[in-house]
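One structure below.
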Amino acid sequence: MNDYRESISAYLQKEQEVLRALDVESINAALNLLEETFEREKMVYIFGNGGSSATASHFQNDFNKGISEYTQKKFRFLCLNDNVATIMAIANDIGFEDIFRFQLEGRLEPGDIVVAVSGSGNSANVLRGVEYARQCGNRVIGLTGFSGGKLMQLSDVSLHVPVMSMQITEDIHMVFDHLMMSIFYKKMCGIDHLKG
């Protein structure tokens with residue numbers, strides 16, 4: 001039997017260090033922008049690659065069903081990763097770099113926002129979608145790790161994970177989701193998961 005306890009402890013310790021280093025002001029700004037978008041009944045377009053695409057899909061689920069199950073007004077998240085046929089058609093006929101930009105084109109309306117998820121902050125297709133949104137005057141929440149890359153610079157609100165680890169970055173991107181979901185649960189639905 002192998003003894004992984006030292007490695008387990010090191011991973012958990014690093015995760016705790018990074019959690020303590022998160023920028024609470026940025027998380028607060030993201031909550032306020034999401035709430036403003038919700039109140040105006042505008043769209044939240046969310047997307048990412050690889051593990052980040054799963055994170056984007058999970059965000060959509062937690063806001064569109066999780067919170068919205070208990071509210072009269074609903075969150076309007078749309079995950080641009082979730083239609084495989086559309087993504088494959090755009091990638092094949094136009095180019096993989098345009099899979100998010102093309103889906104935003106002609107659909108973004110004033111007041112809609114974009115949530116872009118990229119561990120490196122440098123994924124070309126994510127950046128093209130974000131750049132298009134900014135050209136249209138829409139605001140961007142960017143979830144990044146490592147140095148933050150170009151996405152961090154392009155974001156109106158940056159939810160940055162200051163660590164050189166994709167695994168911990170992706171862990172904490174999900175923490176952002178569940179943290180914000182829990183806060184909205186308490187405010188909008190009267191459900192306090194911290195007291196469960």
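A note on labels: chains of the structure tokens are A, B, ... as shown, every chain counts residues from 1, and ligands are counted from 1 in their shown order.
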Could you write out, as a list in words, all the residues of segment 6-177 of chain A that DSSP marks as strand (DSSP E or B)?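 Assigned to strand (DSSP E or B), within segment 6-177 of chain A: Val44, Tyr45, Ile46, Phe47, Gly48, Phe77, Leu78, Cys79, Ile113, Val114, Val115, Ala116, Val117, Arg139, Val140, Ile141, Gly142, Leu143, Thr144, Val157, Ser158, Leu159 and His160 of chain A.
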Give the helix (DSSP H, G or I) residues of chain A, as DSSP finds them on the backbone, and put them as a ChimeraX atom specification. /A:5-21,24-39,51-70,84-93,96-98,101-104,124-135,149-154,166-189,193-195
Dump C-alpha atoms for the selected residues as an mmCIF file, in the first residue's frame?
data_model
loop_
_atom_site.group_PDB
_atom_site.id
_atom_site.type_symbol
_atom_site.label_atom_id
_atom_site.label_comp_id
_atom_site.auth_asym_id
_atom_site.auth_seq_id
_atom_site.Cartn_x
_atom_site.Cartn_y
_atom_site.Cartn_z
ATOM 1 C CA ARG A 5 -0.640 11.362 2.894
ATOM 2 C CA GLU A 6 2.184 13.881 2.498
ATOM 3 C CA SER A 7 1.090 14.687 -1.067
ATOM 4 C CA ILE A 8 -2.535 14.946 0.012
ATOM 5 C CA SER A 9 -1.659 17.345 2.807
ATOM 6 C CA ALA A 10 0.536 19.458 0.513
ATOM 7 C CA TYR A 11 -2.289 19.817 -2.057
ATOM 8 C CA LEU A 12 -4.850 20.744 0.581
ATOM 9 C CA GLN A 13 -2.470 23.206 2.219
ATOM 10 C CA LYS A 14 -1.826 24.935 -1.116
ATOM 11 C CA GLU A 15 -5.553 25.099 -1.814
ATOM 12 C CA GLN A 16 -6.153 26.761 1.546
ATOM 13 C CA GLU A 17 -3.350 29.285 0.927
ATOM 14 C CA VAL A 18 -4.841 30.249 -2.433
ATOM 15 C CA LEU A 19 -8.362 30.546 -1.015
ATOM 16 C CA ARG A 20 -7.080 32.955 1.626
ATOM 17 C CA ALA A 21 -5.397 35.051 -1.099
ATOM 18 C CA VAL A 24 -12.976 39.551 -1.926
ATOM 19 C CA GLU A 25 -13.618 42.931 -3.590
ATOM 20 C CA SER A 26 -13.613 41.307 -7.040
ATOM 21 C CA ILE A 27 -15.998 38.575 -5.920
ATOM 22 C CA ASN A 28 -18.281 41.265 -4.498
ATOM 23 C CA ALA A 29 -18.130 43.152 -7.819
ATOM 24 C CA ALA A 30 -19.021 39.967 -9.721
ATOM 25 C CA LEU A 31 -22.009 39.351 -7.432
ATOM 26 C CA ASN A 32 -23.249 42.881 -7.989
ATOM 27 C CA LEU A 33 -22.880 42.668 -11.769
ATOM 28 C CA LEU A 34 -24.695 39.310 -11.878
ATOM 29 C CA GLU A 35 -27.471 40.662 -9.656
ATOM 30 C CA GLU A 36 -27.825 43.770 -11.809
ATOM 31 C CA THR A 37 -28.082 41.576 -14.925
ATOM 32 C CA PHE A 38 -30.669 39.378 -13.191
ATOM 33 C CA GLU A 39 -32.782 42.376 -12.138
ATOM 34 C CA GLY A 51 -12.450 21.555 -17.858
ATOM 35 C CA SER A 52 -13.514 25.190 -18.033
ATOM 36 C CA SER A 53 -16.350 24.239 -20.389
ATOM 37 C CA ALA A 54 -17.639 21.885 -17.685
ATOM 38 C CA THR A 55 -17.332 24.717 -15.159
ATOM 39 C CA ALA A 56 -19.315 27.001 -17.490
ATOM 40 C CA SER A 57 -22.030 24.375 -17.868
ATOM 41 C CA HIS A 58 -22.131 23.871 -14.099
ATOM 42 C CA PHE A 59 -22.568 27.630 -13.557
ATOM 43 C CA GLN A 60 -25.522 27.607 -15.958
ATOM 44 C CA ASN A 61 -27.118 24.723 -14.084
ATOM 45 C CA ASP A 62 -26.638 26.272 -10.648
ATOM 46 C CA PHE A 63 -28.080 29.655 -11.634
ATOM 47 C CA ASN A 64 -30.790 28.616 -14.131
ATOM 48 C CA LYS A 65 -32.149 25.748 -12.054
ATOM 49 C CA GLY A 66 -30.550 25.877 -8.610
ATOM 50 C CA ILE A 67 -31.403 29.474 -7.706
ATOM 51 C CA SER A 68 -34.162 30.067 -10.254
ATOM 52 C CA GLU A 69 -36.213 27.161 -8.908
ATOM 53 C CA TYR A 70 -37.079 29.367 -5.929
ATOM 54 C CA VAL A 84 -21.993 20.172 -29.615
ATOM 55 C CA ALA A 85 -23.486 20.232 -33.127
ATOM 56 C CA THR A 86 -23.259 24.035 -33.270
ATOM 57 C CA ILE A 87 -19.698 24.071 -31.940
ATOM 58 C CA MET A 88 -18.577 21.396 -34.411
ATOM 59 C CA ALA A 89 -20.221 23.167 -37.345
ATOM 60 C CA ILE A 90 -18.574 26.488 -36.500
ATOM 61 C CA ALA A 91 -15.212 24.825 -35.865
ATOM 62 C CA ASN A 92 -15.370 22.912 -39.161
ATOM 63 C CA ASP A 93 -16.781 25.616 -41.429
ATOM 64 C CA PHE A 96 -12.279 26.712 -33.832
ATOM 65 C CA GLU A 97 -11.116 30.162 -32.724
ATOM 66 C CA ASP A 98 -14.585 31.518 -33.559
ATOM 67 C CA ARG A 101 -17.592 34.795 -31.103
ATOM 68 C CA PHE A 102 -19.896 33.444 -33.816
ATOM 69 C CA GLN A 103 -22.541 32.421 -31.265
ATOM 70 C CA LEU A 104 -22.464 35.895 -29.713
ATOM 71 C CA ALA A 124 -7.774 32.153 -28.463
ATOM 72 C CA ASN A 125 -11.458 31.274 -28.835
ATOM 73 C CA VAL A 126 -12.327 32.635 -25.393
ATOM 74 C CA LEU A 127 -10.450 35.864 -26.131
ATOM 75 C CA ARG A 128 -12.212 36.317 -29.479
ATOM 76 C CA GLY A 129 -15.579 36.001 -27.782
ATOM 77 C CA VAL A 130 -14.561 38.474 -25.091
ATOM 78 C CA GLU A 131 -13.111 40.950 -27.586
ATOM 79 C CA TYR A 132 -16.342 40.817 -29.597
ATOM 80 C CA ALA A 133 -18.408 41.437 -26.456
ATOM 81 C CA ARG A 134 -16.269 44.426 -25.531
ATOM 82 C CA GLN A 135 -16.590 45.834 -29.058
ATOM 83 C CA GLY A 149 -3.176 36.173 -19.287
ATOM 84 C CA LYS A 150 -4.904 38.524 -21.685
ATOM 85 C CA LEU A 151 -8.358 37.660 -20.340
ATOM 86 C CA MET A 152 -7.545 39.236 -16.989
ATOM 87 C CA GLN A 153 -6.652 42.481 -18.763
ATOM 88 C CA LEU A 154 -9.835 42.435 -20.865
ATOM 89 C CA MET A 166 -4.532 24.225 -13.433
ATOM 90 C CA GLN A 167 -6.039 21.774 -10.945
ATOM 91 C CA ILE A 168 -6.294 24.258 -8.086
ATOM 92 C CA THR A 169 -7.374 27.004 -10.505
ATOM 93 C CA GLU A 170 -10.269 24.845 -11.709
ATOM 94 C CA ASP A 171 -11.143 23.811 -8.146
ATOM 95 C CA ILE A 172 -11.474 27.433 -7.122
ATOM 96 C CA HIS A 173 -13.409 28.414 -10.231
ATOM 97 C CA MET A 174 -16.044 26.018 -8.926
ATOM 98 C CA VAL A 175 -15.732 27.601 -5.487
ATOM 99 C CA PHE A 176 -16.610 30.944 -7.126
ATOM 100 C CA ASP A 177 -19.737 29.322 -8.577
ATOM 101 C CA HIS A 178 -20.905 27.722 -5.353
ATOM 102 C CA LEU A 179 -19.945 30.707 -3.211
ATOM 103 C CA MET A 180 -21.978 33.113 -5.339
ATOM 104 C CA MET A 181 -24.836 30.642 -5.674
ATOM 105 C CA SER A 182 -24.968 30.232 -1.881
ATOM 106 C CA ILE A 183 -25.031 33.993 -1.311
ATOM 107 C CA PHE A 184 -27.873 34.434 -3.804
ATOM 108 C CA TYR A 185 -29.712 31.472 -2.284
ATOM 109 C CA LYS A 186 -29.655 33.226 1.080
ATOM 110 C CA LYS A 187 -30.672 36.649 -0.283
ATOM 111 C CA MET A 188 -33.201 35.676 -2.947
ATOM 112 C CA CYS A 189 -34.591 32.412 -1.610
ATOM 113 C CA HIS A 193 -26.638 26.466 3.199
ATOM 114 C CA LEU A 194 -24.030 27.477 5.777
ATOM 115 C CA LYS A 195 -26.502 26.634 8.517
#
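A straight line drawn from atom CA of Ile46 of chain A to atom CA of Leu108 of chain A is 12.2 Å long.
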Any idea what the distance is between atom CA of Pro162 of chain A and atom CA of Phe100 of chain A?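 Computing the Euclidean distance for atom CA of Pro162 of chain A and atom CA of Phe100 of chain A yields 25.7 Å.
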Straight-line distance linking atom CA of Asn138 of chain A with atom CA of Asp82 of chain A, stated in Å to one decimal: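 These atoms are spaced 21.8 Å apart.
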